[in-house]
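These notes are about the structure you will find just below.
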Amino acid sequence: MNSSANSTLQVASGAAMIAVETAGSGLPVVFLHANVCDRRMWRAQLDASGTDYQAIAYDRRGFGETRAQAQDHSAVADLIAVIDATAGSTPVILAGCSQGANIALNATLMHPARVRGLLLISPTVNGAPAPVYPPEILEMVARQRQAESAADLALVNEIKAEMFLDGPLADPGRVTGESRRLFLHMSAIALAAAPFGTNCDDMEAFARLETISVPASVICGELDFPHIQERARMVARLLPNAQGHALADVAHLAGLEQPDEVNGLLKDLVNRCT
């Protein structure tokens, strides 16, 4: 449990006021959420922080409680603003899921002295090979596009839950209860968000993964998209100091669906970095 109550703050970055939450104490770990979530996907990791690490989670532009005017921006610059306001000059561990992992990798390449470790879940990586979808997933993608064309955001949200929470080849509705309610609420906020501008970071990280030498853990769920599982395995092979972990019975959001397992892997990484 936390050694002290969670605290919240607003961090200015360009035309955005970024909503940030912190908990615990120790080596700072900054959590970057997936594009279908917000900082609440890391609730279990904040709750587990205690004296093992200082947890820092924030909502990116267009997600959760962050408010931003439409402008071209750098997601990495927003991250650095959060780090400056919470961890100061102390190097941090970056824990990112999906697009959050992509931002973490870009930040590590752009600001290597600021990062001491990486926890990457279902990582997206700029410059990685393009996905190849089996027919069953192509049908689901087509359903999503039809719902988007019809501006049926509720249906889009349900399809995203099937894809990213249940897993695209798993039984629809596999994940139930509070986890599903939370996913649908987080994703609905993102789907309804006003335009917030373009992220101008264009780092081609995939070709440079072998230059990232910090300790890393790369996690993928065995119910995730097949191409995401393969990409996670490639990232684990290419990062020189990485450990790869495949989790059974979990899809894209391991930190939300299997928090105890992810918390254990995070604490192992903290130990490797200290």
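Chain labels A, B, ... are given in the sequence in which chains occur in the structure tokens; within each chain residues are numbered consecutively from 1, and ligands are likewise numbered from 1 in the order shown.
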Closest atom pairs, region 26-142 of chain A residues within 10 Å of region 210-219 of chain A, only C-alpha atoms, as a Markdown table:
```
| residue | atom | partner | partner_atom | distance |
| --- | --- | --- | --- | --- |
| A:Ile93 | CA | A:Ala216 | CA | 9.2 |
| A:Leu94 | CA | A:Ala216 | CA | 9.5 |
| A:Ala95 | CA | A:Ser217 | CA | 9.3 |
| A:Gly96 | CA | A:Val218 | CA | 9.9 |
| A:Cys97 | CA | A:Ile219 | CA | 9.2 |
| A:Ala101 | CA | A:Val218 | CA | 9.7 |
| A:Leu105 | CA | A:Ile212 | CA | 8.6 |
| A:Thr108 | CA | A:Ile212 | CA | 7.5 |
| A:Leu109 | CA | A:Ile212 | CA | 7.2 |
| A:Pro112 | CA | A:Ile212 | CA | 8.3 |
| A:Val115 | CA | A:Val214 | CA | 7.8 |
| A:Arg116 | CA | A:Val214 | CA | 5.8 |
| A:Gly117 | CA | A:Pro215 | CA | 5.0 |
| A:Leu118 | CA | A:Ala216 | CA | 4.5 |
| A:Leu119 | CA | A:Ser217 | CA | 4.9 |
| A:Leu120 | CA | A:Val218 | CA | 4.8 |
| A:Ile121 | CA | A:Ile219 | CA | 4.7 |
| A:Ser122 | CA | A:Ile219 | CA | 6.3 |
| A:Pro123 | CA | A:Val218 | CA | 7.9 |
```
Non-local contacts of region 80-91 of chain A (8 Å; only C-alpha atoms; under 5 positions in same chain excluded) as a JSON list (two decimals) with C-alpha atoms, in the first residue's frame:
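In the end it all went to out.json:
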```
[["chain", "number", "residue", "atom", "x", "y", "z"],
["A", 11, "VAL", "CA", 1.56, 20.59, -15.25],
["A", 12, "ALA", "CA", 1.67, 23.18, -18.03],
["A", 13, "SER", "CA", 3.13, 22.16, -21.40],
["A", 18, "ILE", "CA", -1.61, 17.96, -17.94],
["A", 20, "VAL", "CA", -0.75, 14.19, -13.04],
["A", 28, "PRO", "CA", 10.54, 7.56, -9.77],
["A", 30, "VAL", "CA", 6.48, 7.43, -14.83],
["A", 56, "ILE", "CA", 3.88, 9.16, -11.44],
["A", 58, "TYR", "CA", -0.54, 11.34, -16.16],
["A", 113, "ALA", "CA", 20.31, 10.81, -19.50],
["A", 114, "ARG", "CA", 16.74, 11.15, -18.15],
["A", 115, "VAL", "CA", 15.87, 7.43, -18.34],
["A", 116, "ARG", "CA", 17.30, 4.59, -16.25]]
```
Fewer than 3 positions away in the same chain doesn't count, so skip those; otherwise give me all residues within 10 Å of Gln258 (chain A), counting only C-alpha atoms, as a list in words.
Ala44, Gly221, Leu247, Ala248, Asp249, Val250, Ala251, Leu253, Ala254, Gly255, Glu261, Val262 and Asn263 of chain A
Resulting file, chosen residues, all heavy atoms, as a CSV table (one decimal), in the first residue's frame:
```
chain,number,residue,atom,x,y,z
A,44,ALA,N,-3.6,0.0,-10.1
A,44,ALA,CA,-3.0,-1.0,-9.2
A,44,ALA,C,-1.5,-0.8,-9.0
A,44,ALA,O,-1.0,-1.1,-8.0
A,44,ALA,CB,-3.2,-2.4,-9.8
A,221,GLY,N,0.7,-9.9,-23.9
A,221,GLY,CA,-0.3,-10.9,-23.5
A,221,GLY,C,-0.5,-11.9,-24.7
A,221,GLY,O,-0.5,-11.5,-25.8
A,247,LEU,N,2.5,-13.3,-21.1
A,247,LEU,CA,1.6,-13.6,-20.0
A,247,LEU,C,0.3,-14.3,-20.6
A,247,LEU,O,-0.3,-13.8,-21.6
A,247,LEU,CB,1.1,-12.3,-19.3
A,247,LEU,CG,2.2,-11.5,-18.7
A,247,LEU,CD1,1.6,-10.3,-17.9
A,247,LEU,CD2,3.1,-12.3,-17.8
A,248,ALA,N,0.0,-15.5,-20.0
A,248,ALA,CA,-1.2,-16.2,-20.5
A,248,ALA,C,-2.5,-15.5,-20.0
A,248,ALA,O,-2.5,-14.8,-19.0
A,248,ALA,CB,-1.1,-17.6,-20.0
A,249,ASP,N,-3.5,-15.7,-20.8
A,249,ASP,CA,-4.9,-15.3,-20.4
A,249,ASP,C,-5.0,-13.8,-20.2
A,249,ASP,O,-5.7,-13.3,-19.4
A,249,ASP,CB,-5.3,-16.0,-19.2
A,249,ASP,CG,-5.3,-17.5,-19.3
A,249,ASP,OD1,-5.8,-18.0,-20.4
A,249,ASP,OD2,-4.9,-18.2,-18.4
A,250,VAL,N,-4.2,-13.0,-21.0
A,250,VAL,CA,-4.3,-11.6,-21.0
A,250,VAL,C,-4.1,-11.0,-22.4
A,250,VAL,O,-3.4,-11.6,-23.2
A,250,VAL,CB,-3.2,-11.0,-20.0
A,250,VAL,CG1,-1.8,-11.3,-20.5
A,250,VAL,CG2,-3.4,-9.5,-19.8
A,251,ALA,N,-4.8,-9.9,-22.7
A,251,ALA,CA,-4.7,-9.3,-24.0
A,251,ALA,C,-3.7,-8.1,-24.0
A,251,ALA,O,-2.6,-8.2,-23.7
A,251,ALA,CB,-6.1,-8.9,-24.5
A,253,LEU,N,-3.8,-5.2,-22.3
A,253,LEU,CA,-3.6,-4.3,-21.1
A,253,LEU,C,-3.3,-5.1,-19.9
A,253,LEU,O,-4.0,-5.2,-18.9
A,253,LEU,CB,-4.9,-3.5,-20.9
A,253,LEU,CG,-5.4,-2.7,-22.1
A,253,LEU,CD1,-6.8,-2.2,-21.9
A,253,LEU,CD2,-4.5,-1.6,-22.5
A,254,ALA,N,-2.0,-5.6,-19.9
A,254,ALA,CA,-1.6,-6.5,-18.8
A,254,ALA,C,-1.6,-5.8,-17.5
A,254,ALA,O,-2.0,-6.5,-16.5
A,254,ALA,CB,-0.2,-7.0,-19.1
A,255,GLY,N,-1.3,-4.6,-17.4
A,255,GLY,CA,-1.3,-3.9,-16.1
A,255,GLY,C,-2.6,-3.7,-15.5
A,255,GLY,O,-2.8,-3.7,-14.2
A,261,GLU,N,0.9,-9.7,-11.4
A,261,GLU,CA,2.0,-10.1,-12.2
A,261,GLU,C,2.9,-8.9,-12.7
A,261,GLU,O,4.1,-9.0,-12.6
A,261,GLU,CB,1.5,-10.9,-13.4
A,261,GLU,CG,2.6,-11.6,-14.3
A,261,GLU,CD,3.3,-12.8,-13.6
A,261,GLU,OE1,2.6,-13.4,-12.7
A,261,GLU,OE2,4.4,-13.1,-13.9
A,262,VAL,N,2.2,-7.9,-13.2
A,262,VAL,CA,2.9,-6.7,-13.7
A,262,VAL,C,3.6,-6.0,-12.5
A,262,VAL,O,4.8,-5.6,-12.7
A,262,VAL,CB,2.0,-5.8,-14.4
A,262,VAL,CG1,2.7,-4.5,-14.8
A,262,VAL,CG2,1.5,-6.5,-15.7
A,263,ASN,N,3.0,-5.9,-11.4
A,263,ASN,CA,3.6,-5.3,-10.2
A,263,ASN,C,4.9,-6.0,-9.8
A,263,ASN,O,5.9,-5.4,-9.5
A,263,ASN,CB,2.7,-5.3,-9.0
A,263,ASN,CG,1.5,-4.3,-9.2
A,263,ASN,OD1,1.5,-3.5,-10.2
A,263,ASN,ND2,0.5,-4.4,-8.3
```
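For the pair CA of Ala70 (chain A) and CA of Leu191 (chain A), the separation is 15.6 Å.
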Polymer residues at most 12 Å from Leu46 (chain A), only C-alpha atoms, same-chain spacing of 4 or more positions, as a PyMOL selection string:
chain A and resi 1-7+20-25+28-31+39-42+50-58+95+255-256+259+262-263+266
Between A:His111, A:Leu9, A:Arg43, A:Val92, which has the minimum distance to Leu269 (chain A) (counting only C-alpha atoms)?
A:Val92
With only C-alpha atoms as the atoms that count, which of A:Pro226, A:Gly14, A:Pro240, A:Gly173 lies nearest to Val132 (chain A)?
A:Pro226
If you run DSSP on this backbone, which residues of region 105-248 of chain A come out as strand (DSSP E or B), and could you give them as a PyMOL selection string?
chain A and resi 115-121+199+216-221+242-247
Give me the residues near Ala161 (chain A) as a ChimeraX atom specification, where near means some atom within 12 Å (using only C-alpha atoms) and where sequence neighbours in that chain fewer than 5 positions away do not count.
/A:36-37,140,144,154-156,166-168,170-176,179-188,251-253
Looking only at alpha helix (DSSP H) from DSSP on the backbone, list the matching residues of region 74-116 of chain A as a PyMOL selection string.
chain A and resi 75-86+99-110
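The spacing separating CA of Leu138 (chain A) from CA of Arg233 (chain A) amounts to 22.6 Å.
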